[in-house]
Every structure is written in structure tokens, then in C-alpha cells.
Amino acid sequence: MDLAYIPSPSTGVINLGPIPLRGYAFCIIIGVFVAVWYGNKRWVARGGTAGTVADIAVWAVPFGLVGGRLYHVITDYQLYFSEGENWVDAFKIWEGGLGIWGAIALGAVGAWIGCRRRGIPLPAYADAIAPGIAFAQAIGRWGNWFNQELYGKQTELPWAVRITEGANREAGLYHPTFLYESLWCIGVAVLVIWADRRFKLGHGRAFALYVAAYCAGRAWIEYMRVDEAHHILGLRLNVWTAIIVFVLAVVYMVISARIRPGREEIVEPKAAKDAVGEKAEKTEDAEDAGDEKDAAAEDAAPADDASDVSDGDVQHGADNGAGSAAKS
């Protein structure tokens, strides 16, 4: 008898009248919100303008969703285009199936478009949002729990996830790989935040660290999964992808640190220009206040002179009066 395990929800959908609320979509939405919110805080701390991250996310998020879905459909095409399958299901994103590799790749294209429109360097923007993306992944992975998918091998560990009988799955206790990846992503976010504060990472190196750290965890977590996947030389396709992307991220960090050491001083030209304008305006106000003070002092000076003259005249008159009295 199993005394401890993680239960799976009986359904991934909650119906509020005619409106279905799907757990998978809900986790994705919350993750995007957290990424934008925290990315905005980091962007402002770097000298950017509040709201810029959200404006660019308007481009990055849709591109990322399309890229994530395309990667999943292309790498698991048999789920949609094999005999007996319905190709229309490829568009049912709420049923699960987003490849992080495609989401990051195409999402970066959308972010590049948004950054270009605002004259912002993409690497600086990527550094700002990197921990937020990791937090978003940590939240989004719980969408797999709602759908009872992407679990690992069978296990008797007390934190195993209980999977019920369903299409393409057998009831039993399995490794909760969604939980492993969620916790790993939180660790990645904390690592990037610490390293960025400690070493002042810039020019995309904070984002590259996020990518490398995530890939290191994704490789061993992916190896535990038992869902259907393509294999190359005995390894799952996503394991190879994680290895290749990890190497590319590390190489980028090394080369970038040599070519462009340090961190960008200005991440958003408009914000820097506004700051200079405000400083100049404050200086002008201070100068105007000084001029007014000097003018007031000058206006008060003649009155003092007149007082001095009056006092001198009075004293001179008194002396003359005293002399006349003595002669008499």
C-alpha cells in the first residue's frame, strides 16, 4: 500500500459556466506575468524605463509561443501526422506541448524586433529577463502536472507522482520530472541573480549563464522521462539539444568576457537622455534660484548704505553741537 505520493488532479479543466479554465494555460499565463514583472524590476535597476520590458514582451511572448509549439510539433510529428492521428490537434496548445528550445529561439527573434524598435541592445534586455524566464519555467512546468504528462520512470519514492489510467499512459507511481525541473529552474534563477550581483554580468552573459545552467539540469531530467521521443545514438533528441546548447552558451560566455568585459553603462538611450535632461533642468533651477538670491542681496545693499550715511550724519551733527556748546 502506497502511503505517500503526489496525487494528480482528476481533471486539468475547471469549467466556469461556458468558460473552461485549463490548468496548463493558467500556469503559462502566470509564468509570463512573473517573468515580465521581475524583468521590469531588474531593467529599472539597470537604468531602464519602467514598462519597457512589457512593451518588448508584446513581441517576444507571441513569437515564443509559436516557436515552442513548432518545435514540439516538428520533433513529435508522429503524434499529429501519423496514420489514425488528427493533424488539427497540432493547434490545440492547451492540451500541452511547448518545446522550450523553440520558445527561446523564436522568442528571441520577437525580442530583437521589440528592442530594435526602441533602440535597445538585445543582450542587455536578455540579461534583465533571464531569471524571470527561469521562474516562469518553474511555474509553467506545473501545467504538465495538470495534464499528467512528461513524468519519469516508475518509482516507489515517497514523492512519486500518481498517474491515472488514460490515453497513452498507464496507471502507477512515477518520478515527478515536472517537479524536478520546476525546482531546478528556481535554483537556476537564484544562481543567475547571485552571479549577476557578484560579477556584474553584462552583454548577454547573465542570459548565457541561465541557458547553460538550465541545459545542465534538463539533460539528466530528460534522461529520466519515459514519454515517446526520437533517439540519436541511444540518447533522446532533447538530451542532445541540451548538450549542444550548453556548449554554445559556455563558449559565448568565455568569448564575450574577453571581447566585452564589464557591463553596459547605458541600457536604454531614451532613459539616459531623460535623466540628463532632468539633471540639466535641476541645475538650471538651482542657478535661477542663486541668481534671484543675489538680486535680492543687491536690492538690500543700498538700504544698508543709506543707513550707514544717516548714522554718520547724525554722529557728525552731534559732534558739531557739542563743540558749539563748549565755545559758548
# chains A, B, ... in the order shown; residues from 1 in each chain; ligands from 1
>>> residues_around(residues="Val53 of chain A", least_positions_apart="5", cutoff="12 Å", atoms="only C-alpha atoms", output="PyMOL selection string")
chain A and resi 32-44+48+58-61+111+114-115+118+120+122+124-130+132+267-268
>>> write_last_selection(atoms="C-alpha atoms", output="compact mmCIF listing (two decimals), in the first residue's frame")
# COMPACT_ATOMS: atom_id res chain seq x y z
CA VAL A 32 4.65 35.08 -18.31
CA PHE A 33 3.32 37.61 -15.79
CA VAL A 34 6.07 36.77 -13.28
CA ALA A 35 8.78 36.96 -15.97
CA VAL A 36 7.62 40.40 -17.13
CA TRP A 37 7.14 41.72 -13.59
CA TYR A 38 10.53 40.62 -12.31
CA GLY A 39 12.26 41.51 -15.57
CA ASN A 40 10.88 45.03 -15.27
CA LYS A 41 12.34 45.39 -11.76
CA ARG A 42 15.77 44.32 -12.98
CA TRP A 43 15.54 46.56 -16.05
CA VAL A 44 14.72 49.64 -13.97
CA GLY A 48 15.99 51.44 -17.96
CA VAL A 58 4.32 42.05 -26.55
CA TRP A 59 6.61 40.90 -29.36
CA ALA A 60 8.58 38.21 -27.56
CA VAL A 61 5.73 36.23 -25.95
CA ALA A 111 12.50 40.39 -28.50
CA GLY A 114 10.94 44.94 -29.99
CA CYS A 115 14.42 46.05 -28.90
CA ARG A 118 13.19 51.13 -29.15
CA ILE A 120 17.81 48.91 -27.05
CA LEU A 122 19.16 42.83 -27.11
CA ALA A 124 21.14 43.88 -22.10
CA TYR A 125 17.44 43.09 -22.31
CA ALA A 126 18.16 39.35 -22.24
CA ASP A 127 20.28 39.75 -19.11
CA ALA A 128 17.44 41.59 -17.36
CA ILE A 129 14.78 38.98 -18.07
CA ALA A 130 16.90 35.82 -17.68
CA GLY A 132 12.35 35.84 -14.75
CA VAL A 267 20.93 50.03 -21.43
CA GLU A 268 18.24 52.36 -22.71
>>> residues_around(residues="Cys215 of chain A", least_positions_apart="6", cutoff="10 Å", atoms="only C-alpha atoms", output="PDB file with C-alpha atoms, in the first residue's frame")
ATOM      1  CA  LEU A 209      24.525  31.522 -17.695  1.00  0.00           C
ATOM      2  CA  ILE A 221      15.889  15.204 -16.158  1.00  0.00           C
ATOM      3  CA  GLU A 222      15.163  14.438 -19.811  1.00  0.00           C
ATOM      4  CA  ASN A 238      16.268  16.760 -26.263  1.00  0.00           C
ATOM      5  CA  VAL A 239      19.312  15.427 -24.401  1.00  0.00           C
ATOM      6  CA  THR A 241      19.861  19.530 -27.810  1.00  0.00           C
ATOM      7  CA  ALA A 242      20.654  20.333 -24.174  1.00  0.00           C
ATOM      8  CA  ILE A 243      24.282  19.255 -24.594  1.00  0.00           C
ATOM      9  CA  ILE A 244      24.805  21.319 -27.765  1.00  0.00           C
ATOM     10  CA  VAL A 245      23.113  24.435 -26.399  1.00  0.00           C
ATOM     11  CA  PHE A 246      25.077  24.103 -23.134  1.00  0.00           C
ATOM     12  CA  VAL A 247      28.377  24.110 -25.017  1.00  0.00           C
ATOM     13  CA  ALA A 249      26.281  29.077 -24.052  1.00  0.00           C
TER      14      ALA A 249
END
>>> residues_around(residues="Gly152 of chain A", least_positions_apart="2", cutoff="8 Å", atoms="only C-alpha atoms", output="PDB file with N, CA, C and O atoms, in the first residue's frame")
ATOM      1  N   LEU A 150       4.680  14.000 -19.205  1.00  0.00           N
ATOM      2  CA  LEU A 150       6.115  14.231 -19.033  1.00  0.00           C
ATOM      3  C   LEU A 150       6.631  13.781 -17.673  1.00  0.00           C
ATOM      4  O   LEU A 150       7.436  14.449 -17.037  1.00  0.00           O
ATOM      5  N   GLN A 154       9.024   4.572 -13.365  1.00  0.00           N
ATOM      6  CA  GLN A 154       8.299   4.167 -12.172  1.00  0.00           C
ATOM      7  C   GLN A 154       9.233   4.162 -10.957  1.00  0.00           C
ATOM      8  O   GLN A 154      10.424   3.862 -11.071  1.00  0.00           O
ATOM      9  N   TYR A 174       5.238   7.332 -10.593  1.00  0.00           N
ATOM     10  CA  TYR A 174       6.374   7.664 -11.454  1.00  0.00           C
ATOM     11  C   TYR A 174       7.180   8.829 -10.864  1.00  0.00           C
ATOM     12  O   TYR A 174       6.689   9.586 -10.013  1.00  0.00           O
ATOM     13  N   HIS A 175       8.413   8.970 -11.350  1.00  0.00           N
ATOM     14  CA  HIS A 175       9.221  10.122 -10.967  1.00  0.00           C
ATOM     15  C   HIS A 175       8.536  11.398 -11.453  1.00  0.00           C
ATOM     16  O   HIS A 175       8.194  11.522 -12.638  1.00  0.00           O
ATOM     17  N   PRO A 176       8.329  12.375 -10.571  1.00  0.00           N
ATOM     18  CA  PRO A 176       7.694  13.640 -10.984  1.00  0.00           C
ATOM     19  C   PRO A 176       8.716  14.562 -11.643  1.00  0.00           C
ATOM     20  O   PRO A 176       9.187  15.540 -11.046  1.00  0.00           O
ATOM     21  N   THR A 177       9.061  14.279 -12.881  1.00  0.00           N
ATOM     22  CA  THR A 177      10.094  15.078 -13.554  1.00  0.00           C
ATOM     23  C   THR A 177       9.667  16.538 -13.713  1.00  0.00           C
ATOM     24  O   THR A 177      10.517  17.417 -13.803  1.00  0.00           O
ATOM     25  N   MET A 224      15.465  10.826 -17.645  1.00  0.00           N
ATOM     26  CA  MET A 224      14.586  10.050 -16.775  1.00  0.00           C
ATOM     27  C   MET A 224      13.195   9.836 -17.378  1.00  0.00           C
ATOM     28  O   MET A 224      12.471   8.952 -16.939  1.00  0.00           O
ATOM     29  N   ARG A 225      12.827  10.651 -18.348  1.00  0.00           N
ATOM     30  CA  ARG A 225      11.460  10.603 -18.859  1.00  0.00           C
ATOM     31  C   ARG A 225      11.199   9.346 -19.691  1.00  0.00           C
ATOM     32  O   ARG A 225      12.118   8.771 -20.280  1.00  0.00           O
ATOM     33  N   VAL A 226       9.929   8.941 -19.715  1.00  0.00           N
ATOM     34  CA  VAL A 226       9.562   7.712 -20.417  1.00  0.00           C
ATOM     35  C   VAL A 226       8.573   7.968 -21.549  1.00  0.00           C
ATOM     36  O   VAL A 226       8.124   7.031 -22.199  1.00  0.00           O
ATOM     37  N   ASP A 227       8.219   9.250 -21.781  1.00  0.00           N
ATOM     38  CA  ASP A 227       7.302   9.526 -22.879  1.00  0.00           C
ATOM     39  C   ASP A 227       8.016   9.283 -24.208  1.00  0.00           C
ATOM     40  O   ASP A 227       9.241   9.280 -24.302  1.00  0.00           O
TER      41      ASP A 227
END
>>> closest_residue(among="A:Ala138, A:Val66, A:Val211, A:Glu85", to="Gly110 of chain A", atoms="only C-alpha atoms")
A:Val66
>>> closest_residue(among="A:Asp89, A:Glu156, A:Glu95, A:Asp76", to="Ala4 of chain A", atoms="only C-alpha atoms")
A:Glu156
>>> residues_around(residues="Pro261 of chain A", least_positions_apart="4", cutoff="10 Å", atoms="only C-alpha atoms", output="list in words")
Lys200, Leu201, Gly202, His203, Ile255, Ser256 and Ala257 of chain A
>>> atom_distance(atom1="atom CA of Ile186 of chain A", atom2="atom CA of Trp145 of chain A")
17.1 Å
